[in-house]
Amino acid sequence: MSAMPDYARTLFLHPPSFEGFDGGAGSRYQARREVRSFWYPTWLAQPAALVPGSRLVDAPPAGLTLDDVLPLARDYDLAVLHTSAPSFAHDVRVAEALREVNPSLRVGFVGAHVAVAREAALRASAAIDFVAGAEFDFTIQEVAQGHPLDRVAGLSYRVNGRLDRTPERAVLEDMDRLPFVVDVYERDLEVERYFIGYLLHPYVSLYTGRGCRSKCTFCLWPQTVGGHRYRTRSVEHVVAEIAHATKLFPQVKEYFFDDDTFTDDLPRAEAIARGLGRLGVTWSCNAKADVPYATLKVLKDNGLRLLLVGYESGSQAILNNIKKGLRIDRAREFTRNARALGIKIHGTFIMGLPGETRETIEETVRFALDIDPDTIQVSLAAPYPGTALHREARERGWLQDNDLVDAGGVQTSVLGYPHLSRTEIFGSLEQFYRRFYFRPRKIFAIGGEMLRDPAVLRRRLSEGAQFLKFLGRRRRLGGDAVPTPPKPRTAPAEP
Ligand code: SF4
């Protein structure tokens with residue numbers, strides 16, 4: 001019988017940064033949202049599940065400050081911090097403070113932002129001992145097991161004052177090797193602290209696969225950590241985790257599959273749906289706006305409540321520019337079908353993508369009003385390092401600032417074009433929201449939902465107040481597209 005290896009006492013930390021910052025290891029586009037919302041730190045929960053005795057601390061949802069997390073440094077040998085482009089400077093300061101409290105603490109950084117510029121991240125601070133590459137689950141497990149860093153694939157590290165790196169880690173093909181994350185959620189997180197406005201509360205989200213077949217130029221994860229093949233867990237593995245979760249969390253009202261595009265493999269999506277149907281759970285997922293009616297029907301008949309759909313733009317030219325691989329007429333048909341089946345849609349849109357003009361902004365707003373998703377989210381184009389959009393923006397001189405969020409963690413407008421300023425793009429976001437939500441049809445729909453359920457009433461009133469505050473803040477900043485935050489240390493640049 002082989003002995004269980006000793007593991008370093010390991011802390012997985014989503015550090016405190018901006019108040020209410022939804023930027024953990026499960027947030028694609030890290031920012032403080034219009035209404036308080038948090039994704040689960042799933043990318044950290046996966047290695048945490050591989051390291052016995054570890055602890056996952058997700059500071060922003062838990063309301064933890066730097067003073068709250070610093071004492072933890074004394075209790076651990078290894079701290080793994082998940083970072084992001086907007087929060088990198090903050091996260092470095094947290095690493096330095098942890099190291100001051102415990103000088104022998106080994107500190108590693110993970111996340112898409114540093115995976116694409118590992119040495120640059122190491123150079124940012126001597127407090128960072130190593131940076132892991134794209135898929136870091138087993139990399140971190142081996143570090144926690146005490147393997148010498150020069151024998152752990154997929155690492156850049158500091159040795160005797162210089163930087164070195166090991167060969168890349170092979171892409172994970174057998175996704176069933178990843179253990180369930182719900183046990184870590186149950187052990188270390190409080191599910192009631194996780195809110196997403198359009199999901200029932202409490203909800204639980206996890207991944208059933210990694211990667212997306214599409215090649216949207218702005219999209220962070222497939223271009224940095226997931227790749228363009230949809231690598232999936234088996235149907236049985238996924239259904240077993242949800243069955244297990246229903247026992248751990250009887251209070252959970254909805255499960256969300258946060259794969260980049262859960263519908264990339266339609267037969268598998270249908271098979272998972274049938275398994276979930278047998279469990280009788282309510283669930284939702286990310287989808288591209290091209291799922292055929294027959295599949296939508298199978299999903300709906302087996303508990304699907306909502307689809308999160310990235311429409312991005314109502315302009316076919318812009319969809320082509322960003323390589324969305326989607327036709328507007330197909331998106332319209334998909335939306336009609338979903339509505340006919342009673343599937344709710346949260347549609348996401350982006351202002352300021354390449355090719356944006358005043359006319360395409362109008363086209364997109366009209367498109368959204370026309371297809372009328374139940375709820376929408378409007379973002380500003382965000383060129384993350386490691387994406388084709390970032391490269392294109394740099395080459396063509398569109399990138400007018402590097403800071404993706406302001407001093408409060410709220411998204412800023414960083415792309416500007418000769419014919420369309422970033423101030424104008426910034427202003428279009430508020431206009432979009434106002435024209436979509438301040439319509440009698442939407443107000444009645446939301447009001448009706450609130451009247452039917454007192455819990456929804458309380459939640460929507462709170463969210464409504466936050467949303468109006470958000471719009472008010474935008475309006476105050478309107479003339480100044482990007483209130484420049486302090487820049488204590490620059491984030492890693494793309495290699
Ligand atoms: S389809 Fe969605 S997840 Fe896939 S690359 Fe495009 S934006 Fe990203």
# chains A, B, ... in the order shown; residues from 1 in each chain; ligands from 1
$ residues_near_ligand --ligand "ligand 1" --cutoff "9 Å" --atoms "only C-alpha atoms and all ligand atoms" --output "PyMOL selection string"
chain A and resi 211-223+228+259-261+264+286-289+309-312+322-326
$ write_last_selection --atoms "N, CA and C atoms" --output "tab-separated table (two decimals), in the first residue's frame"
chain	number	residue	atom	x	y	z
A	211	GLY	N	-12.68	24.98	-22.39
A	211	GLY	CA	-12.42	25.31	-23.79
A	211	GLY	C	-13.69	25.64	-24.54
A	212	CYS	N	-13.50	26.40	-25.64
A	212	CYS	CA	-14.64	26.77	-26.48
A	212	CYS	C	-14.20	26.67	-27.93
A	213	ARG	N	-15.10	26.13	-28.75
A	213	ARG	CA	-14.74	25.93	-30.16
A	213	ARG	C	-14.70	27.25	-30.93
A	214	SER	N	-15.36	28.26	-30.42
A	214	SER	CA	-15.37	29.55	-31.12
A	214	SER	C	-14.08	30.32	-30.84
A	215	LYS	N	-13.88	31.35	-31.67
A	215	LYS	CA	-12.60	32.06	-31.57
A	215	LYS	C	-12.81	33.57	-31.44
A	216	CYS	N	-13.77	33.95	-30.64
A	216	CYS	CA	-14.07	35.37	-30.47
A	216	CYS	C	-12.81	36.10	-29.99
A	217	THR	N	-12.48	37.18	-30.66
A	217	THR	CA	-11.17	37.81	-30.44
A	217	THR	C	-11.02	38.45	-29.08
A	218	PHE	N	-12.14	38.78	-28.44
A	218	PHE	CA	-12.06	39.46	-27.14
A	218	PHE	C	-12.06	38.48	-25.98
A	219	CYS	N	-12.39	37.22	-26.24
A	219	CYS	CA	-12.76	36.31	-25.16
A	219	CYS	C	-11.52	35.74	-24.47
A	220	LEU	N	-11.47	35.90	-23.16
A	220	LEU	CA	-10.24	35.65	-22.41
A	220	LEU	C	-9.90	34.18	-22.24
A	221	TRP	N	-10.79	33.42	-21.68
A	221	TRP	CA	-10.40	32.07	-21.25
A	221	TRP	C	-9.97	31.14	-22.39
A	222	PRO	N	-10.76	31.03	-23.47
A	222	PRO	CA	-10.32	30.09	-24.51
A	222	PRO	C	-8.95	30.45	-25.10
A	223	GLN	N	-8.62	31.76	-25.09
A	223	GLN	CA	-7.34	32.18	-25.68
A	223	GLN	C	-6.18	32.10	-24.70
A	228	HIS	N	-9.25	25.97	-27.66
A	228	HIS	CA	-10.38	25.97	-28.59
A	228	HIS	C	-10.92	24.58	-28.89
A	259	ASP	N	-19.37	26.38	-18.13
A	259	ASP	CA	-18.47	26.10	-19.25
A	259	ASP	C	-18.58	27.26	-20.24
A	260	ASP	N	-17.50	27.54	-20.96
A	260	ASP	CA	-17.55	28.66	-21.90
A	260	ASP	C	-18.79	28.57	-22.77
A	261	THR	N	-19.01	27.40	-23.37
A	261	THR	CA	-20.20	27.19	-24.19
A	261	THR	C	-20.68	25.75	-23.94
A	264	ASP	N	-21.68	23.52	-26.84
A	264	ASP	CA	-20.75	23.23	-27.94
A	264	ASP	C	-20.86	21.77	-28.40
A	286	ASN	N	-24.37	28.46	-19.93
A	286	ASN	CA	-23.95	29.34	-21.02
A	286	ASN	C	-24.28	28.66	-22.35
A	287	ALA	N	-24.70	29.45	-23.33
A	287	ALA	CA	-25.00	28.88	-24.65
A	287	ALA	C	-24.68	29.90	-25.72
A	288	LYS	N	-24.36	29.42	-26.88
A	288	LYS	CA	-24.22	30.29	-28.04
A	288	LYS	C	-25.61	30.40	-28.70
A	289	ALA	N	-25.87	31.49	-29.39
A	289	ALA	CA	-27.22	31.73	-29.92
A	289	ALA	C	-27.46	30.96	-31.21
A	309	VAL	N	-26.55	34.02	-22.78
A	309	VAL	CA	-26.20	34.04	-24.20
A	309	VAL	C	-25.40	35.29	-24.54
A	310	GLY	N	-24.24	35.10	-25.11
A	310	GLY	CA	-23.41	36.23	-25.55
A	310	GLY	C	-23.79	36.64	-26.95
A	311	TYR	N	-24.69	37.63	-27.08
A	311	TYR	CA	-25.03	38.14	-28.42
A	311	TYR	C	-23.95	39.11	-28.88
A	312	GLU	N	-23.40	39.83	-27.97
A	312	GLU	CA	-22.33	40.82	-28.15
A	312	GLU	C	-22.78	42.06	-28.93
A	322	ILE	N	-15.17	40.36	-34.89
A	322	ILE	CA	-14.67	39.70	-33.67
A	322	ILE	C	-14.65	38.18	-33.82
A	323	LYS	N	-14.95	37.69	-35.03
A	323	LYS	CA	-14.91	36.25	-35.32
A	323	LYS	C	-15.86	35.46	-34.42
A	324	LYS	N	-17.07	36.01	-34.26
A	324	LYS	CA	-18.04	35.36	-33.37
A	324	LYS	C	-18.57	34.05	-33.96
A	325	GLY	N	-18.56	33.99	-35.30
A	325	GLY	CA	-19.09	32.77	-35.92
A	325	GLY	C	-20.58	32.62	-35.67
A	326	LEU	N	-21.29	33.73	-35.78
A	326	LEU	CA	-22.73	33.72	-35.50
A	326	LEU	C	-23.44	34.63	-36.49
$ residues_around --residues "Glu270 (chain A)" --least-positions-apart "2" --cutoff "10 Å" --atoms "only C-alpha atoms" --output "ChimeraX atom specification"
/A:235,263,265-268,272-276,294-300,302
$ write_last_selection --atoms "N, CA and C atoms" --output "tab-separated table (two decimals), in the first residue's frame"
chain	number	residue	atom	x	y	z
A	235	VAL	N	-20.53	12.39	-18.92
A	235	VAL	CA	-21.90	12.69	-18.48
A	235	VAL	C	-22.13	12.15	-17.07
A	263	THR	N	-23.20	24.33	-24.73
A	263	THR	CA	-23.91	23.73	-25.87
A	263	THR	C	-22.99	23.47	-27.06
A	265	ASP	N	-21.28	20.90	-27.51
A	265	ASP	CA	-21.44	19.47	-27.85
A	265	ASP	C	-22.91	19.12	-27.56
A	266	LEU	N	-23.73	19.21	-28.60
A	266	LEU	CA	-25.18	19.10	-28.38
A	266	LEU	C	-25.61	17.73	-27.86
A	267	PRO	N	-25.12	16.61	-28.44
A	267	PRO	CA	-25.56	15.31	-27.91
A	267	PRO	C	-25.20	15.15	-26.43
A	268	ARG	N	-24.01	15.63	-26.06
A	268	ARG	CA	-23.61	15.52	-24.66
A	268	ARG	C	-24.48	16.42	-23.78
A	272	ILE	N	-26.57	15.04	-20.60
A	272	ILE	CA	-26.48	15.58	-19.24
A	272	ILE	C	-27.86	16.05	-18.79
A	273	ALA	N	-28.56	16.73	-19.71
A	273	ALA	CA	-29.91	17.21	-19.36
A	273	ALA	C	-30.80	16.06	-18.90
A	274	ARG	N	-30.73	14.95	-19.61
A	274	ARG	CA	-31.60	13.82	-19.23
A	274	ARG	C	-31.23	13.32	-17.83
A	275	GLY	N	-29.93	13.29	-17.54
A	275	GLY	CA	-29.50	12.89	-16.20
A	275	GLY	C	-30.00	13.86	-15.14
A	276	LEU	N	-29.94	15.15	-15.45
A	276	LEU	CA	-30.42	16.16	-14.50
A	276	LEU	C	-31.93	16.07	-14.35
A	294	ALA	N	-34.73	21.51	-31.47
A	294	ALA	CA	-34.88	20.15	-30.93
A	294	ALA	C	-34.04	19.99	-29.65
A	295	THR	N	-32.84	20.54	-29.66
A	295	THR	CA	-32.00	20.44	-28.45
A	295	THR	C	-32.56	21.30	-27.33
A	296	LEU	N	-32.99	22.52	-27.68
A	296	LEU	CA	-33.58	23.38	-26.65
A	296	LEU	C	-34.73	22.67	-25.96
A	297	LYS	N	-35.51	21.94	-26.75
A	297	LYS	CA	-36.68	21.26	-26.18
A	297	LYS	C	-36.24	20.18	-25.18
A	298	VAL	N	-35.23	19.41	-25.56
A	298	VAL	CA	-34.74	18.37	-24.64
A	298	VAL	C	-34.24	19.01	-23.34
A	299	LEU	N	-33.50	20.10	-23.48
A	299	LEU	CA	-32.95	20.76	-22.29
A	299	LEU	C	-34.09	21.30	-21.41
A	300	LYS	N	-35.03	21.95	-22.06
A	300	LYS	CA	-36.15	22.53	-21.30
A	300	LYS	C	-36.97	21.43	-20.60
A	302	ASN	N	-36.02	18.90	-19.37
A	302	ASN	CA	-35.25	18.27	-18.29
A	302	ASN	C	-34.68	19.29	-17.31
$ atom_distance --atom1 "CA of Val182 (chain A)" --atom2 "CA of Tyr384 (chain A)"
29.3 Å
$ select_by_dssp --residues "region 218-445 of chain A" --states "strand (DSSP E or B)" --output "ChimeraX atom specification"
/A:231-232,254-257,283-287,304-312,344-351,375-380,399,405,410-411,415,417,420
$ write_last_selection --atoms "C-alpha atoms" --output "short mmCIF file (atom, residue, chain, number, x, y, z; two decimals), in the first residue's frame"
data_model
loop_
_atom_site.label_atom_id
_atom_site.label_comp_id
_atom_site.auth_asym_id
_atom_site.auth_seq_id
_atom_site.Cartn_x
_atom_site.Cartn_y
_atom_site.Cartn_z
CA ARG A 231 -12.63 19.06 -23.36
CA THR A 232 -15.32 17.55 -21.25
CA GLU A 254 -30.41 26.33 -9.22
CA TYR A 255 -27.23 24.81 -10.70
CA PHE A 256 -25.32 26.73 -13.32
CA PHE A 257 -22.89 25.14 -15.80
CA TRP A 283 -30.38 24.32 -13.94
CA SER A 284 -29.01 26.91 -16.38
CA CYS A 285 -25.94 27.26 -18.57
CA ASN A 286 -23.95 29.34 -21.02
CA ALA A 287 -25.00 28.88 -24.65
CA LEU A 304 -33.32 23.99 -17.98
CA ARG A 305 -34.52 27.38 -16.70
CA LEU A 306 -32.23 29.97 -18.28
CA LEU A 307 -29.55 30.39 -20.91
CA LEU A 308 -26.79 32.96 -20.63
CA VAL A 309 -26.20 34.04 -24.20
CA GLY A 310 -23.41 36.23 -25.55
CA TYR A 311 -25.03 38.14 -28.42
CA GLU A 312 -22.33 40.82 -28.15
CA LYS A 344 -35.45 32.54 -19.99
CA ILE A 345 -32.52 34.37 -21.55
CA HIS A 346 -29.92 36.63 -20.01
CA GLY A 347 -28.32 38.31 -23.02
CA THR A 348 -24.91 39.92 -22.86
CA PHE A 349 -23.76 42.74 -25.14
CA ILE A 350 -20.52 44.64 -25.59
CA MET A 351 -20.12 48.28 -26.57
CA THR A 375 -32.50 40.47 -18.75
CA ILE A 376 -29.34 41.94 -20.23
CA GLN A 377 -25.83 42.86 -19.27
CA VAL A 378 -23.93 45.49 -21.20
CA SER A 379 -20.15 45.65 -20.93
CA LEU A 380 -17.46 47.84 -22.42
CA LEU A 399 -5.75 51.17 -26.64
CA VAL A 405 -11.33 49.21 -14.03
CA VAL A 410 -15.87 49.41 -11.95
CA GLN A 411 -15.21 48.75 -15.62
CA LEU A 415 -10.71 51.50 -26.43
CA TYR A 417 -11.41 54.98 -32.32
CA LEU A 420 -15.80 57.18 -31.92
#
$ closest_residue --among "A:Gly63, A:Gly352, A:Gly397, A:Gly448" --to "Arg422 (chain A)" --atoms "only C-alpha atoms"
A:Gly352
$ residues_around --residues "Leu50 (chain A)" --least-positions-apart "3" --cutoff "12 Å" --atoms "only C-alpha atoms" --output "JSON, numbers by chain"
{"A": [5, 7, 10, 12, 43, 44, 45, 46, 47, 53, 54, 55, 56, 136, 137, 138, 139, 140, 141, 142, 143, 144, 145, 177, 178, 179, 180, 181, 183, 184]}
$ select_by_dssp --residues "region 329-417 of chain A" --states "alpha helix (DSSP H)" --output "number ranges by chain"
A: 329-341, 358-371, 388-396
$ write_last_selection --atoms "N, CA, C and O atoms" --output "CSV table (one decimal), in the first residue's frame"
chain,number,residue,atom,x,y,z
A,329,ASP,N,-29.4,36.5,-38.1
A,329,ASP,CA,-30.8,35.8,-38.3
A,329,ASP,C,-30.9,34.5,-37.5
A,329,ASP,O,-32.0,34.2,-37.0
A,330,ARG,N,-29.8,33.8,-37.4
A,330,ARG,CA,-29.8,32.6,-36.6
A,330,ARG,C,-30.0,32.9,-35.1
A,330,ARG,O,-30.8,32.2,-34.4
A,331,ALA,N,-29.4,34.0,-34.7
A,331,ALA,CA,-29.6,34.4,-33.3
A,331,ALA,C,-31.1,34.8,-33.0
A,331,ALA,O,-31.6,34.5,-31.9
A,332,ARG,N,-31.7,35.5,-34.0
A,332,ARG,CA,-33.1,35.8,-33.8
A,332,ARG,C,-34.0,34.6,-33.7
A,332,ARG,O,-34.8,34.5,-32.9
A,333,GLU,N,-33.7,33.6,-34.6
A,333,GLU,CA,-34.5,32.4,-34.6
A,333,GLU,C,-34.3,31.6,-33.3
A,333,GLU,O,-35.3,31.2,-32.7
A,334,PHE,N,-33.1,31.5,-32.9
A,334,PHE,CA,-32.8,30.8,-31.6
A,334,PHE,C,-33.6,31.5,-30.5
A,334,PHE,O,-34.2,30.8,-29.6
A,335,THR,N,-33.6,32.8,-30.5
A,335,THR,CA,-34.2,33.5,-29.3
A,335,THR,C,-35.8,33.3,-29.4
A,335,THR,O,-36.4,33.1,-28.4
A,336,ARG,N,-36.3,33.3,-30.6
A,336,ARG,CA,-37.8,33.0,-30.7
A,336,ARG,C,-38.1,31.6,-30.2
A,336,ARG,O,-39.0,31.4,-29.5
A,337,ASN,N,-37.2,30.7,-30.6
A,337,ASN,CA,-37.5,29.3,-30.2
A,337,ASN,C,-37.4,29.1,-28.6
A,337,ASN,O,-38.2,28.5,-28.0
A,338,ALA,N,-36.4,29.8,-28.1
A,338,ALA,CA,-36.2,29.7,-26.6
A,338,ALA,C,-37.4,30.3,-25.9
A,338,ALA,O,-38.0,29.7,-25.0
A,339,ARG,N,-37.9,31.4,-26.4
A,339,ARG,CA,-39.0,32.1,-25.8
A,339,ARG,C,-40.3,31.2,-25.9
A,339,ARG,O,-41.0,31.0,-25.0
A,340,ALA,N,-40.5,30.6,-27.1
A,340,ALA,CA,-41.6,29.7,-27.3
A,340,ALA,C,-41.6,28.5,-26.4
A,340,ALA,O,-42.7,28.1,-25.9
A,341,LEU,N,-40.4,28.1,-26.0
A,341,LEU,CA,-40.3,27.0,-25.1
A,341,LEU,C,-40.4,27.4,-23.6
A,341,LEU,O,-40.4,26.5,-22.7
A,358,ARG,N,-21.5,55.0,-34.2
A,358,ARG,CA,-22.8,55.4,-33.6
A,358,ARG,C,-24.0,54.6,-34.2
A,358,ARG,O,-24.9,54.2,-33.5
A,359,GLU,N,-23.8,54.3,-35.5
A,359,GLU,CA,-24.9,53.6,-36.2
A,359,GLU,C,-25.0,52.1,-35.6
A,359,GLU,O,-26.1,51.6,-35.4
A,360,THR,N,-23.8,51.5,-35.4
A,360,THR,CA,-23.9,50.1,-34.9
A,360,THR,C,-24.3,50.0,-33.5
A,360,THR,O,-25.0,49.1,-33.1
A,361,ILE,N,-24.0,51.1,-32.7
A,361,ILE,CA,-24.6,51.1,-31.3
A,361,ILE,C,-26.1,51.1,-31.4
A,361,ILE,O,-26.8,50.4,-30.7
A,362,GLU,N,-26.6,52.0,-32.3
A,362,GLU,CA,-28.1,52.1,-32.4
A,362,GLU,C,-28.6,50.7,-32.9
A,362,GLU,O,-29.7,50.2,-32.4
A,363,GLU,N,-27.9,50.1,-33.8
A,363,GLU,CA,-28.3,48.8,-34.4
A,363,GLU,C,-28.4,47.8,-33.2
A,363,GLU,O,-29.3,47.0,-33.2
A,364,THR,N,-27.4,47.8,-32.4
A,364,THR,CA,-27.4,46.8,-31.3
A,364,THR,C,-28.5,47.0,-30.3
A,364,THR,O,-29.2,46.1,-29.8
A,365,VAL,N,-28.7,48.3,-29.9
A,365,VAL,CA,-29.8,48.6,-29.0
A,365,VAL,C,-31.1,48.2,-29.6
A,365,VAL,O,-32.0,47.5,-28.9
A,366,ARG,N,-31.3,48.5,-30.8
A,366,ARG,CA,-32.6,48.1,-31.5
A,366,ARG,C,-32.7,46.6,-31.6
A,366,ARG,O,-33.8,46.0,-31.4
A,367,PHE,N,-31.7,45.9,-31.8
A,367,PHE,CA,-31.7,44.4,-31.9
A,367,PHE,C,-32.1,43.9,-30.5
A,367,PHE,O,-32.9,43.0,-30.4
A,368,ALA,N,-31.5,44.4,-29.4
A,368,ALA,CA,-31.8,43.9,-28.1
A,368,ALA,C,-33.3,44.2,-27.8
A,368,ALA,O,-34.0,43.3,-27.2
A,369,LEU,N,-33.8,45.4,-28.1
A,369,LEU,CA,-35.2,45.7,-27.9
A,369,LEU,C,-36.1,44.7,-28.7
A,369,LEU,O,-37.1,44.3,-28.2
A,370,ASP,N,-35.6,44.4,-29.8
A,370,ASP,CA,-36.4,43.5,-30.7
A,370,ASP,C,-36.5,42.1,-30.2
A,370,ASP,O,-37.6,41.5,-30.1
A,371,ILE,N,-35.3,41.5,-30.0
A,371,ILE,CA,-35.3,40.1,-29.5
A,371,ILE,C,-35.8,40.0,-28.0
A,371,ILE,O,-36.2,39.0,-27.6
A,388,ALA,N,-6.5,38.2,-28.9
A,388,ALA,CA,-6.3,38.8,-30.2
A,388,ALA,C,-6.8,40.3,-30.2
A,388,ALA,O,-6.2,41.1,-30.8
A,389,LEU,N,-7.8,40.6,-29.4
A,389,LEU,CA,-8.3,41.9,-29.4
A,389,LEU,C,-7.2,42.9,-28.7
A,389,LEU,O,-7.0,44.0,-29.2
A,390,HIS,N,-6.5,42.4,-27.7
A,390,HIS,CA,-5.5,43.2,-27.1
A,390,HIS,C,-4.4,43.5,-28.1
A,390,HIS,O,-3.9,44.6,-28.3
A,391,ARG,N,-4.0,42.4,-28.9
A,391,ARG,CA,-2.9,42.6,-29.8
A,391,ARG,C,-3.4,43.6,-30.9
A,391,ARG,O,-2.6,44.5,-31.3
A,392,GLU,N,-4.6,43.4,-31.4
A,392,GLU,CA,-5.1,44.3,-32.5
A,392,GLU,C,-5.2,45.7,-32.0
A,392,GLU,O,-4.8,46.7,-32.7
A,393,ALA,N,-5.7,45.9,-30.7
A,393,ALA,CA,-5.8,47.2,-30.2
A,393,ALA,C,-4.5,47.9,-30.0
A,393,ALA,O,-4.4,49.1,-30.3
A,394,ARG,N,-3.5,47.2,-29.6
A,394,ARG,CA,-2.2,47.8,-29.5
A,394,ARG,C,-1.6,48.2,-30.8
A,394,ARG,O,-1.0,49.3,-31.0
A,395,GLU,N,-1.7,47.3,-31.8
A,395,GLU,CA,-1.2,47.5,-33.1
A,395,GLU,C,-1.8,48.7,-33.8
A,395,GLU,O,-1.2,49.4,-34.5
A,396,ARG,N,-3.1,48.9,-33.6
A,396,ARG,CA,-3.9,49.9,-34.3
A,396,ARG,C,-4.1,51.2,-33.6
A,396,ARG,O,-4.8,52.1,-34.0
$ closest_residue --among "A:His82, A:Arg93, A:His113, A:Arg233" --to "Ala126 (chain A)" --atoms "only C-alpha atoms"
A:Arg93
$ atom_distance --atom1 "CA of Ala112 (chain A)" --atom2 "CA of Phe432 (chain A)"
29.7 Å
$ atom_distance --atom1 "CA of Asp22 (chain A)" --atom2 "CA of Asp403 (chain A)"
16.1 Å
$ closest_residue --among "A:Ala269, A:Tyr293, A:Val116, A:Gly209" --to "Thr387 (chain A)" --atoms "only C-alpha atoms"
A:Val116
$ closest_residue --among "A:Pro454, A:Gly133, A:Pro16, A:Pro202" --to "Thr224 (chain A)" --atoms "only C-alpha atoms"
A:Gly133
$ closest_residue --among "A:Ala132, A:Arg435, A:Lys253, A:Asp301" --to "Arg278 (chain A)" --atoms "only C-alpha atoms"
A:Asp301
$ residues_around --residues "Val80 (chain A)" --least-positions-apart "4" --cutoff "8 Å" --atoms "only C-alpha atoms" --output "list in words"
Thr10, Leu11, Phe12, Leu13, Val107, Gly108, Phe109 and Val110 of chain A
$ write_last_selection --atoms "all heavy atoms" --output "PDB file, in the first residue's frame"
ATOM      1  N   THR A  10      -1.748  24.376   2.766  1.00  0.00           N
ATOM      2  CA  THR A  10      -1.929  25.230   1.583  1.00  0.00           C
ATOM      3  C   THR A  10      -3.189  26.090   1.692  1.00  0.00           C
ATOM      4  O   THR A  10      -4.285  25.584   1.946  1.00  0.00           O
ATOM      5  CB  THR A  10      -2.022  24.361   0.314  1.00  0.00           C
ATOM      6  OG1 THR A  10      -0.864  23.522   0.262  1.00  0.00           O
ATOM      7  CG2 THR A  10      -2.078  25.227  -0.939  1.00  0.00           C
ATOM      8  N   LEU A  11      -2.983  27.379   1.455  1.00  0.00           N
ATOM      9  CA  LEU A  11      -4.081  28.344   1.430  1.00  0.00           C
ATOM     10  C   LEU A  11      -4.327  28.761  -0.019  1.00  0.00           C
ATOM     11  O   LEU A  11      -3.408  29.230  -0.698  1.00  0.00           O
ATOM     12  CB  LEU A  11      -3.699  29.585   2.261  1.00  0.00           C
ATOM     13  CG  LEU A  11      -4.668  30.762   2.202  1.00  0.00           C
ATOM     14  CD1 LEU A  11      -5.993  30.422   2.885  1.00  0.00           C
ATOM     15  CD2 LEU A  11      -4.036  31.995   2.850  1.00  0.00           C
ATOM     16  N   PHE A  12      -5.538  28.567  -0.498  1.00  0.00           N
ATOM     17  CA  PHE A  12      -5.929  29.079  -1.811  1.00  0.00           C
ATOM     18  C   PHE A  12      -6.703  30.368  -1.558  1.00  0.00           C
ATOM     19  O   PHE A  12      -7.718  30.353  -0.858  1.00  0.00           O
ATOM     20  CB  PHE A  12      -6.806  28.057  -2.546  1.00  0.00           C
ATOM     21  CG  PHE A  12      -6.036  26.832  -2.959  1.00  0.00           C
ATOM     22  CD1 PHE A  12      -5.951  25.727  -2.116  1.00  0.00           C
ATOM     23  CD2 PHE A  12      -5.392  26.783  -4.179  1.00  0.00           C
ATOM     24  CE1 PHE A  12      -5.241  24.599  -2.486  1.00  0.00           C
ATOM     25  CE2 PHE A  12      -4.668  25.655  -4.560  1.00  0.00           C
ATOM     26  CZ  PHE A  12      -4.593  24.568  -3.712  1.00  0.00           C
ATOM     27  N   LEU A  13      -6.215  31.446  -2.140  1.00  0.00           N
ATOM     28  CA  LEU A  13      -6.759  32.756  -1.763  1.00  0.00           C
ATOM     29  C   LEU A  13      -7.160  33.580  -2.980  1.00  0.00           C
ATOM     30  O   LEU A  13      -6.362  33.806  -3.884  1.00  0.00           O
ATOM     31  CB  LEU A  13      -5.707  33.534  -0.953  1.00  0.00           C
ATOM     32  CG  LEU A  13      -6.077  34.952  -0.522  1.00  0.00           C
ATOM     33  CD1 LEU A  13      -7.253  34.954   0.447  1.00  0.00           C
ATOM     34  CD2 LEU A  13      -4.859  35.640   0.122  1.00  0.00           C
ATOM     35  N   VAL A 107       4.837  31.642  -1.948  1.00  0.00           N
ATOM     36  CA  VAL A 107       3.689  32.302  -2.580  1.00  0.00           C
ATOM     37  C   VAL A 107       3.700  32.041  -4.080  1.00  0.00           C
ATOM     38  O   VAL A 107       4.710  32.278  -4.755  1.00  0.00           O
ATOM     39  CB  VAL A 107       3.710  33.832  -2.319  1.00  0.00           C
ATOM     40  CG1 VAL A 107       2.560  34.509  -3.057  1.00  0.00           C
ATOM     41  CG2 VAL A 107       3.632  34.122  -0.823  1.00  0.00           C
ATOM     42  N   GLY A 108       2.580  31.549  -4.595  1.00  0.00           N
ATOM     43  CA  GLY A 108       2.429  31.339  -6.033  1.00  0.00           C
ATOM     44  C   GLY A 108       1.226  32.101  -6.562  1.00  0.00           C
ATOM     45  O   GLY A 108       0.239  32.283  -5.855  1.00  0.00           O
ATOM     46  N   PHE A 109       1.339  32.569  -7.815  1.00  0.00           N
ATOM     47  CA  PHE A 109       0.224  33.262  -8.468  1.00  0.00           C
ATOM     48  C   PHE A 109      -0.315  32.377  -9.586  1.00  0.00           C
ATOM     49  O   PHE A 109       0.467  31.744 -10.322  1.00  0.00           O
ATOM     50  CB  PHE A 109       0.690  34.596  -9.065  1.00  0.00           C
ATOM     51  CG  PHE A 109       0.541  35.769  -8.128  1.00  0.00           C
ATOM     52  CD1 PHE A 109       0.820  35.635  -6.775  1.00  0.00           C
ATOM     53  CD2 PHE A 109       0.130  37.010  -8.597  1.00  0.00           C
ATOM     54  CE1 PHE A 109       0.693  36.711  -5.903  1.00  0.00           C
ATOM     55  CE2 PHE A 109       0.003  38.096  -7.750  1.00  0.00           C
ATOM     56  CZ  PHE A 109       0.276  37.956  -6.399  1.00  0.00           C
ATOM     57  N   VAL A 110      -1.639  32.362  -9.730  1.00  0.00           N
ATOM     58  CA  VAL A 110      -2.290  31.624 -10.820  1.00  0.00           C
ATOM     59  C   VAL A 110      -3.359  32.511 -11.446  1.00  0.00           C
ATOM     60  O   VAL A 110      -3.781  33.497 -10.862  1.00  0.00           O
ATOM     61  CB  VAL A 110      -2.931  30.311 -10.306  1.00  0.00           C
ATOM     62  CG1 VAL A 110      -1.880  29.350  -9.767  1.00  0.00           C
ATOM     63  CG2 VAL A 110      -3.990  30.587  -9.236  1.00  0.00           C
TER      64      VAL A 110
END
